[in-house]
Amino acid sequence: MITLEELADGAGTLELSPVGQPVEPLALVDLDGPGSPAAALAAAQAATTAQRVLIGVGKGPLDPALAPVAEALAFTLVPLAEEDRSAALVGVENPAAAAGAVAAYANASPVAAVTLTGLLRLTERLDVPDGLVAESTAYSMLLAGPEFARWRARTPRRPADDGAGAGQEPVLLDREGPVLRVALNRPARHNAFSRGVRDGLVEALELARLDPTVARVEVSGNGPSFCSGGDLDEFGTTPDVTAAHLIRLRRSAGHSVHRCAERVRVRVHGACIGAGIEIPAFAGRVEARGDAYFQLPELRMGLVPGAGGTVSVTRRIGRWRTAYLVLSGERVDVRTALRWGLVDACADL
């Protein structure tokens with residue numbers, strides 16, 4: 001744990017090993033007790049340019065003078081009752097215990113963790129197309145890195161299976177008057193986001209974009225989950241990460257949703273993991289069922305979100321809570337998602 005004075009004196013500087021690996025990439029910042037405006041301003045200025053992952057910890061009510069510091073950090077953990085005071089705050093039952101868990105999780109993928117916090121500071125200022133370029137560039141870099149390689153080496157691939165069933169397409173379309181219904185259709189794989197699902201979704205949304213008679217697009221998922229995230233069996237199969245970067249931009253389902261967002265309504269349920277919330281978050285309206293839960297687990301693979309989440313989720317809940325989702329890997333339930341604004345409505349509540 002570092003103090004405000006230590007932060008102001010340069011404790012946020014990232015040190016690298018002789019081979020360029022981060023040394024102590026994450027630091028917890030003590031935000032308990034009173035803070036002077038001068039100390040808060042100096043610490044906030046230092047945090048804004050720091051390269052370390054800086055997470056605030058407040059075990060009680062946060063002094064209002066420390067608000068600029070909290071806003072400059074990756075996020076700040078506080079008691080549940082304090083969360084609503086600022087989008088920079090994440091409420092948990094035990095801030096100290098949660099901070100230790102986040103530190104252990106993030107330190108296991110230090111390059112990805114440091115990359116994420118810098119990326120979020122950038123994407124919150126960019127428009128959607130530029131934000132997607134920044135995210136894909138960072139994602140491609142990490143895809144070629146040792147942290148992802150270690151995850152891939154210990155994670156065996158399963159045999160190829162579209163999970164849709166014999167004779168079924170991975171995405172189904174149904175037109176009823178002005179409404180185009182789009183259903184992800186790999187129920188046996190919880191609609192894992194494969195190339196087939198991506199291409200089918202992009203093509204459906206392109207159809208809607210070019211056809212002015214489509215007044216509304218309703219996206220849902222067949223089976224027990226809306227989408228369990230990227231198909232892990234396809235991760236790392238592209239030998240050229242630069243080509244993958246260009247394909248990711250050219251075939252971005254998130255960008256396709258964004259371009260007709262005001263007409264897109266997504267209904268989610270069950271697992272909404274990775275792409276399963278990154279892409280819906282671009283939509284004009286996201287409706288959840290009470291069994292829905294949300295998670296951004298990419299860091300454990302040595303990656304950052306790659307389906308647009310650092311752009312879409314950030315615009316809904318802010319960069320701080322987005323950082324928390326990635327750096328903790330924690331699931332959030334539908335009540336939390338509704339309170340934060342990650343979803344717009346829940347029919348079961």
# chains A, B, ... in the order shown; residues from 1 in each chain; ligands from 1

$ select_by_dssp --residues "segment 118-187 of chain A" --states "strand (DSSP E or B)" --output "PyMOL selection string"
chain A and resi 171-176+179-184

$ residues_around --residues "segment 196-201 of chain A" --least-positions-apart "2" --cutoff "9 Å" --atoms "only C-alpha atoms" --output "JSON, numbers by chain"
{"A": [162, 169, 170, 171, 172, 182, 183, 184, 185, 186, 191, 192, 193, 194, 203, 204, 205, 206, 251, 252, 253, 256]}

$ write_last_selection --atoms "N, CA and C atoms" --output "PDB file, in the first residue's frame"
ATOM      1  N   ASP A 162     -19.456 -26.521 -34.671  1.00  0.00           N
ATOM      2  CA  ASP A 162     -20.155 -25.240 -34.717  1.00  0.00           C
ATOM      3  C   ASP A 162     -21.200 -25.119 -33.622  1.00  0.00           C
ATOM      4  N   GLU A 169     -27.575 -23.092 -39.059  1.00  0.00           N
ATOM      5  CA  GLU A 169     -26.635 -21.985 -39.199  1.00  0.00           C
ATOM      6  C   GLU A 169     -26.298 -21.416 -37.817  1.00  0.00           C
ATOM      7  N   PRO A 170     -25.084 -20.864 -37.651  1.00  0.00           N
ATOM      8  CA  PRO A 170     -24.714 -20.295 -36.341  1.00  0.00           C
ATOM      9  C   PRO A 170     -25.464 -19.021 -35.987  1.00  0.00           C
ATOM     10  N   VAL A 171     -26.070 -18.366 -36.966  1.00  0.00           N
ATOM     11  CA  VAL A 171     -26.919 -17.197 -36.728  1.00  0.00           C
ATOM     12  C   VAL A 171     -28.178 -17.350 -37.567  1.00  0.00           C
ATOM     13  N   LEU A 172     -29.334 -17.190 -36.946  1.00  0.00           N
ATOM     14  CA  LEU A 172     -30.615 -17.318 -37.631  1.00  0.00           C
ATOM     15  C   LEU A 172     -31.285 -15.963 -37.768  1.00  0.00           C
ATOM     16  N   VAL A 182     -32.631 -11.507 -34.945  1.00  0.00           N
ATOM     17  CA  VAL A 182     -31.345 -12.169 -35.148  1.00  0.00           C
ATOM     18  C   VAL A 182     -31.059 -13.011 -33.910  1.00  0.00           C
ATOM     19  N   ALA A 183     -30.822 -14.312 -34.099  1.00  0.00           N
ATOM     20  CA  ALA A 183     -30.582 -15.201 -32.963  1.00  0.00           C
ATOM     21  C   ALA A 183     -29.243 -15.908 -33.117  1.00  0.00           C
ATOM     22  N   LEU A 184     -28.382 -15.776 -32.124  1.00  0.00           N
ATOM     23  CA  LEU A 184     -27.161 -16.573 -32.083  1.00  0.00           C
ATOM     24  C   LEU A 184     -27.587 -18.021 -31.859  1.00  0.00           C
ATOM     25  N   ASN A 185     -26.975 -18.938 -32.599  1.00  0.00           N
ATOM     26  CA  ASN A 185     -27.534 -20.284 -32.648  1.00  0.00           C
ATOM     27  C   ASN A 185     -26.470 -21.369 -32.507  1.00  0.00           C
ATOM     28  N   ARG A 186     -25.676 -21.266 -31.444  1.00  0.00           N
ATOM     29  CA  ARG A 186     -24.766 -22.361 -31.079  1.00  0.00           C
ATOM     30  C   ARG A 186     -25.094 -22.784 -29.642  1.00  0.00           C
ATOM     31  N   ASN A 191     -23.428 -20.419 -27.310  1.00  0.00           N
ATOM     32  CA  ASN A 191     -23.262 -19.375 -28.324  1.00  0.00           C
ATOM     33  C   ASN A 191     -21.876 -18.729 -28.270  1.00  0.00           C
ATOM     34  N   ALA A 192     -20.864 -19.546 -28.062  1.00  0.00           N
ATOM     35  CA  ALA A 192     -19.493 -19.035 -28.107  1.00  0.00           C
ATOM     36  C   ALA A 192     -19.280 -18.278 -29.416  1.00  0.00           C
ATOM     37  N   PHE A 193     -18.592 -17.151 -29.310  1.00  0.00           N
ATOM     38  CA  PHE A 193     -18.482 -16.220 -30.430  1.00  0.00           C
ATOM     39  C   PHE A 193     -17.384 -16.690 -31.388  1.00  0.00           C
ATOM     40  N   SER A 194     -17.774 -17.516 -32.345  1.00  0.00           N
ATOM     41  CA  SER A 194     -16.861 -18.056 -33.344  1.00  0.00           C
ATOM     42  C   SER A 194     -16.829 -17.150 -34.574  1.00  0.00           C
ATOM     43  N   GLU A 203     -23.223  -9.667 -41.069  1.00  0.00           N
ATOM     44  CA  GLU A 203     -24.037  -9.638 -42.296  1.00  0.00           C
ATOM     45  C   GLU A 203     -25.487  -9.243 -42.007  1.00  0.00           C
ATOM     46  N   ALA A 204     -26.037  -9.704 -40.892  1.00  0.00           N
ATOM     47  CA  ALA A 204     -27.402  -9.330 -40.532  1.00  0.00           C
ATOM     48  C   ALA A 204     -27.511  -7.838 -40.255  1.00  0.00           C
ATOM     49  N   LEU A 205     -26.541  -7.302 -39.552  1.00  0.00           N
ATOM     50  CA  LEU A 205     -26.570  -5.880 -39.220  1.00  0.00           C
ATOM     51  C   LEU A 205     -26.299  -5.010 -40.444  1.00  0.00           C
ATOM     52  N   GLU A 206     -25.502  -5.512 -41.361  1.00  0.00           N
ATOM     53  CA  GLU A 206     -25.273  -4.774 -42.600  1.00  0.00           C
ATOM     54  C   GLU A 206     -26.557  -4.740 -43.420  1.00  0.00           C
ATOM     55  N   ARG A 251     -14.309  -6.781 -39.865  1.00  0.00           N
ATOM     56  CA  ARG A 251     -15.470  -7.607 -39.524  1.00  0.00           C
ATOM     57  C   ARG A 251     -15.849  -7.404 -38.058  1.00  0.00           C
ATOM     58  N   SER A 252     -15.919  -6.175 -37.632  1.00  0.00           N
ATOM     59  CA  SER A 252     -16.229  -5.874 -36.232  1.00  0.00           C
ATOM     60  C   SER A 252     -17.733  -5.880 -36.007  1.00  0.00           C
ATOM     61  N   ALA A 253     -18.209  -6.863 -35.252  1.00  0.00           N
ATOM     62  CA  ALA A 253     -19.635  -6.906 -34.930  1.00  0.00           C
ATOM     63  C   ALA A 253     -20.023  -5.724 -34.045  1.00  0.00           C
ATOM     64  N   SER A 256     -20.550  -2.787 -36.179  1.00  0.00           N
ATOM     65  CA  SER A 256     -21.790  -2.964 -36.932  1.00  0.00           C
ATOM     66  C   SER A 256     -23.001  -2.611 -36.071  1.00  0.00           C
TER      67      SER A 256
END

$ residues_around --residues "Val326 of chain A" --least-positions-apart "3" --cutoff "6 Å" --atoms "only C-alpha atoms" --output "VMD selection string"
chain A and resid 296 323 329

$ closest_residue --among "A:Leu62, A:Leu327, A:Ala292, A:Ala44" --to "Leu31 of chain A" --atoms "only C-alpha atoms"
A:Leu62

$ residues_around --residues "Ser220 of chain A" --least-positions-apart "5" --cutoff "9 Å" --atoms "only C-alpha atoms" --output "list in words"
Arg181, Val182, Ala183, Leu184, Phe226, Arg265, Val266, Arg267, Val268 and His269 of chain A

$ write_last_selection --atoms "all heavy atoms" --output "mmCIF file, in the first residue's frame"
data_model
loop_
_atom_site.group_PDB
_atom_site.id
_atom_site.type_symbol
_atom_site.label_atom_id
_atom_site.label_comp_id
_atom_site.auth_asym_id
_atom_site.auth_seq_id
_atom_site.Cartn_x
_atom_site.Cartn_y
_atom_site.Cartn_z
ATOM 1 N N ARG A 181 -35.312 -10.109 -36.635
ATOM 2 C CA ARG A 181 -34.874 -10.834 -35.444
ATOM 3 C C ARG A 181 -33.633 -11.654 -35.787
ATOM 4 O O ARG A 181 -33.611 -12.391 -36.775
ATOM 5 C CB ARG A 181 -35.991 -11.722 -34.918
ATOM 6 C CG ARG A 181 -37.187 -10.930 -34.393
ATOM 7 C CD ARG A 181 -38.221 -11.834 -33.720
ATOM 8 N NE ARG A 181 -39.288 -11.022 -33.160
ATOM 9 C CZ ARG A 181 -40.387 -10.669 -33.820
ATOM 10 N NH1 ARG A 181 -40.563 -11.078 -35.079
ATOM 11 N NH2 ARG A 181 -41.315 -9.931 -33.246
ATOM 12 N N VAL A 182 -32.631 -11.507 -34.945
ATOM 13 C CA VAL A 182 -31.345 -12.169 -35.148
ATOM 14 C C VAL A 182 -31.059 -13.011 -33.910
ATOM 15 O O VAL A 182 -31.059 -12.492 -32.793
ATOM 16 C CB VAL A 182 -30.218 -11.140 -35.357
ATOM 17 C CG1 VAL A 182 -28.888 -11.841 -35.622
ATOM 18 C CG2 VAL A 182 -30.565 -10.174 -36.486
ATOM 19 N N ALA A 183 -30.822 -14.312 -34.099
ATOM 20 C CA ALA A 183 -30.582 -15.201 -32.963
ATOM 21 C C ALA A 183 -29.243 -15.908 -33.117
ATOM 22 O O ALA A 183 -28.997 -16.564 -34.136
ATOM 23 C CB ALA A 183 -31.704 -16.237 -32.846
ATOM 24 N N LEU A 184 -28.382 -15.776 -32.124
ATOM 25 C CA LEU A 184 -27.161 -16.573 -32.083
ATOM 26 C C LEU A 184 -27.587 -18.021 -31.859
ATOM 27 O O LEU A 184 -28.423 -18.303 -30.991
ATOM 28 C CB LEU A 184 -26.242 -16.095 -30.960
ATOM 29 C CG LEU A 184 -25.965 -14.583 -30.885
ATOM 30 C CD1 LEU A 184 -24.896 -14.299 -29.828
ATOM 31 C CD2 LEU A 184 -25.564 -14.022 -32.227
ATOM 32 N N PHE A 226 -26.865 -16.267 -23.521
ATOM 33 C CA PHE A 226 -26.802 -15.374 -24.678
ATOM 34 C C PHE A 226 -25.501 -15.590 -25.437
ATOM 35 O O PHE A 226 -25.492 -15.838 -26.637
ATOM 36 C CB PHE A 226 -26.926 -13.912 -24.244
ATOM 37 C CG PHE A 226 -26.672 -12.964 -25.375
ATOM 38 C CD1 PHE A 226 -27.603 -12.817 -26.394
ATOM 39 C CD2 PHE A 226 -25.491 -12.235 -25.452
ATOM 40 C CE1 PHE A 226 -27.360 -11.963 -27.471
ATOM 41 C CE2 PHE A 226 -25.241 -11.373 -26.515
ATOM 42 C CZ PHE A 226 -26.181 -11.245 -27.529
ATOM 43 N N ARG A 265 -31.946 -3.578 -30.414
ATOM 44 C CA ARG A 265 -32.306 -3.992 -29.059
ATOM 45 C C ARG A 265 -31.754 -5.392 -28.855
ATOM 46 O O ARG A 265 -32.019 -6.291 -29.644
ATOM 47 C CB ARG A 265 -33.816 -3.989 -28.874
ATOM 48 C CG ARG A 265 -34.288 -4.490 -27.518
ATOM 49 C CD ARG A 265 -35.801 -4.539 -27.443
ATOM 50 N NE ARG A 265 -36.375 -3.219 -27.622
ATOM 51 C CZ ARG A 265 -37.683 -2.994 -27.710
ATOM 52 N NH1 ARG A 265 -38.544 -4.013 -27.672
ATOM 53 N NH2 ARG A 265 -38.142 -1.770 -27.872
ATOM 54 N N VAL A 266 -30.972 -5.564 -27.792
ATOM 55 C CA VAL A 266 -30.384 -6.868 -27.495
ATOM 56 C C VAL A 266 -31.006 -7.405 -26.218
ATOM 57 O O VAL A 266 -31.090 -6.691 -25.215
ATOM 58 C CB VAL A 266 -28.848 -6.778 -27.344
ATOM 59 C CG1 VAL A 266 -28.255 -8.180 -27.158
ATOM 60 C CG2 VAL A 266 -28.219 -6.105 -28.562
ATOM 61 N N ARG A 267 -31.426 -8.650 -26.270
ATOM 62 C CA ARG A 267 -31.991 -9.319 -25.098
ATOM 63 C C ARG A 267 -31.014 -10.405 -24.658
ATOM 64 O O ARG A 267 -30.722 -11.326 -25.420
ATOM 65 C CB ARG A 267 -33.353 -9.915 -25.422
ATOM 66 C CG ARG A 267 -34.420 -8.863 -25.736
ATOM 67 C CD ARG A 267 -35.807 -9.506 -25.812
ATOM 68 N NE ARG A 267 -36.859 -8.493 -25.921
ATOM 69 C CZ ARG A 267 -37.436 -8.125 -27.060
ATOM 70 N NH1 ARG A 267 -37.058 -8.697 -28.188
ATOM 71 N NH2 ARG A 267 -38.379 -7.210 -27.063
ATOM 72 N N VAL A 268 -30.515 -10.291 -23.439
ATOM 73 C CA VAL A 268 -29.479 -11.200 -22.969
ATOM 74 C C VAL A 268 -29.992 -12.034 -21.794
ATOM 75 O O VAL A 268 -30.897 -11.624 -21.066
ATOM 76 C CB VAL A 268 -28.200 -10.433 -22.565
ATOM 77 C CG1 VAL A 268 -27.659 -9.639 -23.741
ATOM 78 C CG2 VAL A 268 -28.448 -9.507 -21.375
ATOM 79 N N HIS A 269 -29.363 -13.203 -21.618
ATOM 80 C CA HIS A 269 -29.714 -14.084 -20.510
ATOM 81 C C HIS A 269 -28.540 -15.012 -20.242
ATOM 82 O O HIS A 269 -27.629 -15.155 -21.067
ATOM 83 C CB HIS A 269 -30.969 -14.905 -20.848
ATOM 84 C CG HIS A 269 -30.744 -15.929 -21.917
ATOM 85 N ND1 HIS A 269 -30.643 -15.602 -23.255
ATOM 86 C CD2 HIS A 269 -30.574 -17.284 -21.855
ATOM 87 C CE1 HIS A 269 -30.447 -16.689 -23.972
ATOM 88 N NE2 HIS A 269 -30.391 -17.728 -23.148
#

$ residues_around --residues "Gly33 of chain A" --least-positions-apart "5" --cutoff "12 Å" --atoms "only C-alpha atoms" --output "list in words"
Thr3, Leu4, Val57, Gly58, Lys59, Gly60, Pro61, Leu62, Asp63, Pro64, Ala65 and Leu66 of chain A

$ residues_around --residues "segment 8-19 of chain A" --least-positions-apart "4" --cutoff "9 Å" --atoms "only C-alpha atoms" --output "list in words"
Ile2, Thr3, Leu4, Val23, Glu24, Pro25, Leu26, Ala27, Ala39, Ala40, Leu41, Ala42, Ala43, Ala44, Gln45, Ala46, Ala47, Thr49, Ala50, Gln51, Arg52, Val53 and Leu54 of chain A

$ write_last_selection --atoms "N, CA, C and O atoms" --output "compact mmCIF listing (two decimals), in the first residue's frame"
# COMPACT_ATOMS: atom_id res chain seq x y z
N ILE A 2 0.61 2.18 -0.90
CA ILE A 2 1.38 3.42 -0.94
C ILE A 2 0.49 4.59 -0.49
O ILE A 2 -0.73 4.54 -0.60
N THR A 3 1.14 5.62 0.00
CA THR A 3 0.42 6.80 0.46
C THR A 3 0.30 7.82 -0.66
O THR A 3 0.95 7.71 -1.72
N LEU A 4 -0.52 8.85 -0.42
CA LEU A 4 -0.65 9.92 -1.41
C LEU A 4 0.70 10.61 -1.62
O LEU A 4 1.04 10.99 -2.76
N VAL A 23 8.08 -4.73 -13.27
CA VAL A 23 8.43 -5.08 -11.90
C VAL A 23 7.40 -4.40 -11.00
O VAL A 23 7.24 -3.19 -11.03
N GLU A 24 6.68 -5.17 -10.22
CA GLU A 24 5.61 -4.65 -9.35
C GLU A 24 4.68 -3.73 -10.15
O GLU A 24 4.62 -2.53 -9.92
N PRO A 25 3.95 -4.30 -11.11
CA PRO A 25 3.13 -3.47 -12.00
C PRO A 25 1.93 -2.81 -11.31
O PRO A 25 1.41 -1.83 -11.80
N LEU A 26 1.50 -3.35 -10.18
CA LEU A 26 0.29 -2.85 -9.53
C LEU A 26 0.61 -2.31 -8.14
O LEU A 26 1.42 -2.89 -7.40
N ALA A 27 -0.02 -1.21 -7.80
CA ALA A 27 0.12 -0.65 -6.46
C ALA A 27 -1.25 -0.27 -5.93
O ALA A 27 -2.09 0.26 -6.66
N ALA A 39 -2.27 18.00 -1.32
CA ALA A 39 -1.77 16.63 -1.45
C ALA A 39 -2.58 15.85 -2.49
O ALA A 39 -2.03 15.08 -3.28
N ALA A 40 -3.90 16.07 -2.48
CA ALA A 40 -4.76 15.37 -3.44
C ALA A 40 -4.44 15.80 -4.86
O ALA A 40 -4.39 14.95 -5.77
N LEU A 41 -4.23 17.09 -5.07
CA LEU A 41 -3.92 17.58 -6.41
C LEU A 41 -2.60 17.01 -6.92
O LEU A 41 -2.51 16.55 -8.06
N ALA A 42 -1.58 16.99 -6.06
CA ALA A 42 -0.27 16.47 -6.46
C ALA A 42 -0.36 14.98 -6.77
O ALA A 42 0.20 14.49 -7.77
N ALA A 43 -1.09 14.23 -5.95
CA ALA A 43 -1.23 12.79 -6.18
C ALA A 43 -2.03 12.52 -7.44
O ALA A 43 -1.70 11.61 -8.22
N ALA A 44 -3.09 13.30 -7.67
CA ALA A 44 -3.92 13.10 -8.86
C ALA A 44 -3.12 13.38 -10.12
O ALA A 44 -3.22 12.65 -11.12
N GLN A 45 -2.32 14.43 -10.11
CA GLN A 45 -1.50 14.76 -11.28
C GLN A 45 -0.49 13.65 -11.56
O GLN A 45 -0.26 13.28 -12.71
N ALA A 46 0.10 13.10 -10.49
CA ALA A 46 1.07 12.01 -10.68
C ALA A 46 0.38 10.75 -11.20
O ALA A 46 0.91 10.05 -12.06
N ALA A 47 -0.83 10.47 -10.69
CA ALA A 47 -1.54 9.26 -11.11
C ALA A 47 -1.96 9.33 -12.57
O ALA A 47 -2.01 8.30 -13.25
N THR A 49 -0.42 10.41 -15.10
CA THR A 49 0.65 10.05 -16.03
C THR A 49 1.39 8.78 -15.62
O THR A 49 2.34 8.37 -16.29
N ALA A 50 0.96 8.14 -14.52
CA ALA A 50 1.63 6.94 -14.04
C ALA A 50 1.38 5.77 -14.99
O ALA A 50 0.31 5.67 -15.60
N GLN A 51 2.36 4.88 -15.09
CA GLN A 51 2.21 3.70 -15.93
C GLN A 51 1.87 2.45 -15.13
O GLN A 51 1.44 1.44 -15.70
N ARG A 52 2.05 2.50 -13.81
CA ARG A 52 1.64 1.37 -12.99
C ARG A 52 0.12 1.31 -12.90
O ARG A 52 -0.57 2.31 -13.13
N VAL A 53 -0.39 0.15 -12.61
CA VAL A 53 -1.82 -0.01 -12.34
C VAL A 53 -2.05 0.45 -10.90
O VAL A 53 -1.55 -0.17 -9.96
N LEU A 54 -2.79 1.53 -10.74
CA LEU A 54 -3.01 2.13 -9.43
C LEU A 54 -4.46 1.96 -9.02
O LEU A 54 -5.37 2.46 -9.68

$ closest_residue --among "A:Arg300, A:Arg285, A:Arg331, A:His255" --to "Val343 of chain A" --atoms "only C-alpha atoms"
A:Arg285

$ atom_distance --atom1 "atom CA of Asp240 of chain A" --atom2 "atom CA of Leu299 of chain A"
21.3 Å

$ residues_around --residues "Arg263 of chain A" --least-positions-apart "4" --cutoff "10 Å" --atoms "only C-alpha atoms" --output "mmCIF file with C-alpha atoms, in the first residue's frame"
data_model
loop_
_atom_site.group_PDB
_atom_site.id
_atom_site.type_symbol
_atom_site.label_atom_id
_atom_site.label_comp_id
_atom_site.auth_asym_id
_atom_site.auth_seq_id
_atom_site.Cartn_x
_atom_site.Cartn_y
_atom_site.Cartn_z
ATOM 1 C CA VAL A 179 -38.610 -6.080 -37.334
ATOM 2 C CA ALA A 208 -30.406 -3.718 -41.515
ATOM 3 C CA ARG A 209 -28.126 -0.748 -42.101
ATOM 4 C CA VAL A 214 -35.981 -2.354 -41.042
ATOM 5 C CA ALA A 215 -37.191 -0.248 -38.139
ATOM 6 C CA ARG A 216 -35.837 -2.465 -35.372
ATOM 7 C CA VAL A 217 -33.266 -5.230 -34.974
ATOM 8 C CA GLU A 218 -33.780 -7.628 -32.070
ATOM 9 C CA VAL A 257 -24.077 -2.628 -33.902
ATOM 10 C CA HIS A 258 -22.830 0.892 -33.248
ATOM 11 C CA ARG A 259 -23.635 2.068 -36.781
ATOM 12 C CA ALA A 283 -26.732 -1.237 -28.745
ATOM 13 C CA GLY A 284 -29.270 1.463 -28.082
ATOM 14 C CA ARG A 285 -31.037 -0.784 -25.581
#

$ atom_distance --atom1 "atom CA of Pro22 of chain A" --atom2 "atom CA of Pro110 of chain A"
6.5 Å

$ closest_residue --among "A:Gly254, A:Gly177, A:Pro146, A:Gly118" --to "Val202 of chain A" --atoms "only C-alpha atoms"
A:Gly254

$ closest_residue --among "A:Thr115, A:Thr213, A:Ser312, A:Ser136" --to "Ala244 of chain A" --atoms "only C-alpha atoms"
A:Ser136

$ closest_residue --among "A:Glu83, A:Glu278, A:Asp30, A:Asp333" --to "Glu5 of chain A" --atoms "only C-alpha atoms"
A:Asp30

$ closest_residue --among "A:Arg195, A:Asp233, A:Ala261, A:Leu210" --to "Ile247 of chain A" --atoms "only C-alpha atoms"
A:Arg195

$ select_by_dssp --residues "segment 52-160 of chain A" --states "helix (DSSP H, G or I)" --output "ChimeraX atom specification"
/A:64-72,80-85,95-107,110-123,128-143,146-153
